[in-house]
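> Could you have a look at this structure, given as structure tokens, before my questions?
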Amino acid sequence: MSKKPSLASLVFAYFEQRPFVELAHDDWVDEVMRQYEDLHGRVPRDPWRAARKLHEEGKLQKVRKGVYKYDPRLVYDPTLEEFTEQQKNYIFVRDQHRCVVCGKSRADGIELHIDHIVPRDKGGRAIIDNGQVLCAQHNFLKKNLDATESGKRLFIRLYEAAKGKDNQDVLTFCREVLEVFAKHDVNGHIDWTP
């Protein structure tokens, strides 16, 4: 008797047959649940967890909350994409043991992390050029915001701080950067007015 396919294998097969298509839960859950019930005689529990697990395993890419896609060019083995200790040490030295966003170090009482600039689930590799030092706070923010959102919020905070100190050079610099965000309609949902 052959082994029946798992829920994760049915989910993966569904995505694999639709490469590069962004699929929300409503696009695939009913079909996969029907297939599973036909094969196993019962309804599966939590099919969306199978998609999250496939994402964690490097087989699906998370586009945004509840939306995944299969891109065969970006499938990776997460066990192979961690930075080695030698790479981490190099990145710490290169970035002077400071968060590249706020400049804080362990001497300031904060925890430092080595971060993938391009996340692994978006095809980012564990190579030195894709690594940076982030404090725990900025690493957490990056995980919850994409890089451009984090960047825009950083320039808004810097702009407000410069305004409080009447630092015209920094105000001009931040204004120009934030105008580039607006010009290209990047993260328009984050309000900023000069």
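In the structure tokens, each chain is lettered A, B, ... as it comes, each chain's residues begin at 1, and ligands are numbered from 1 in order of appearance.
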What's the 12 Å shell around Leu158 (chain A), counting only C-alpha atoms, without same-chain residues fewer than 2 positions away, as number ranges by chain?
A: 101-102, 151-156, 160-175, 177-178
> Do you know which residues are at most 10 Å from Glu16 (chain A) counting only C-alpha atoms, after dropping those on the same chain fewer than 3 positions away, and could you put them as a list in words?
Leu10, Val11, Phe12, Ala13, Pro19, Phe20, Val21, Lys59, Leu60, Lys69, Tyr70, Asp71 and Pro72 of chain A
> Please compute the CA of Val43 (chain A)-CA of Phe15 (chain A) distance, one decimal, in Å.
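Computing it gives 19.8 Å between the two atoms.
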> Give me every strand (DSSP E) residue in region 44-116 of chain A, going by DSSP on the backbone, as a PyMOL selection string.
chain A and resi 61-64+67-69+112-116
> Which is closer to Asn89 (chain A) than all the others in A:Ile128, A:Val63, A:Ala136, A:Leu74, using only C-alpha atoms?
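Among A:Ile128, A:Val63, A:Ala136, A:Leu74, it is A:Ile128 that comes nearest to Asn89 (chain A).
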> Which residues are close to Trp48 (chain A), i.e. within 12 Å by only C-alpha atoms, leaving aside same-chain residues fewer than 4 positions away? Reply as a PyMOL selection string.
chain A and resi 7-8+10-12+23-30+32-33+44+52-55+65-68
> Extract, using only C-alpha atoms, all DNA, RNA and protein residues at most 12 Å from Gln132 (chain A), discarding same-chain residues fewer than 4 positions from it, and format them as a list in words.
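Counting only C-alpha atoms, the residues come to Phe83, Gln87, Lys88, Asn89, Tyr90, Ile91, Phe92, Val93, Arg94, Asp95, Gln96, His97, Arg98, Cys99, Val100, Val101, Leu112, His113, Ile114, Asp115, His116, Ile117, Val118, Pro119, Ala126, Ile127, Ile128, His138 and Asn139 of chain A.
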> Report, in Å with one decimal, the straight-line distance from CA of Ser6 (chain A) to CA of Arg18 (chain A).
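It comes out at 19.0 Å.
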> Calculated over only C-alpha atoms, which of the candidates A:Asp46, A:Glu81, A:Glu179, A:Glu37 has the smallest distance to Gly58 (chain A)?
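Among A:Asp46, A:Glu81, A:Glu179, A:Glu37, it is A:Glu81 that comes nearest to Gly58 (chain A).
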> As an exercise, work out the distance from CA of Asn130 (chain A) to CA of Lys183 (chain A) in Å and give it to one decimal place.
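Interatomic distance here is 27.2 Å.
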> Which of region 36-148 of chain A end up as helix (DSSP H, G or I) when DSSP is run on this backbone - answer as a ChimeraX atom specification?
/A:36-40,47-56,72-74,78-80,85-94,106-108,120-122,128-130,136-144,147-148
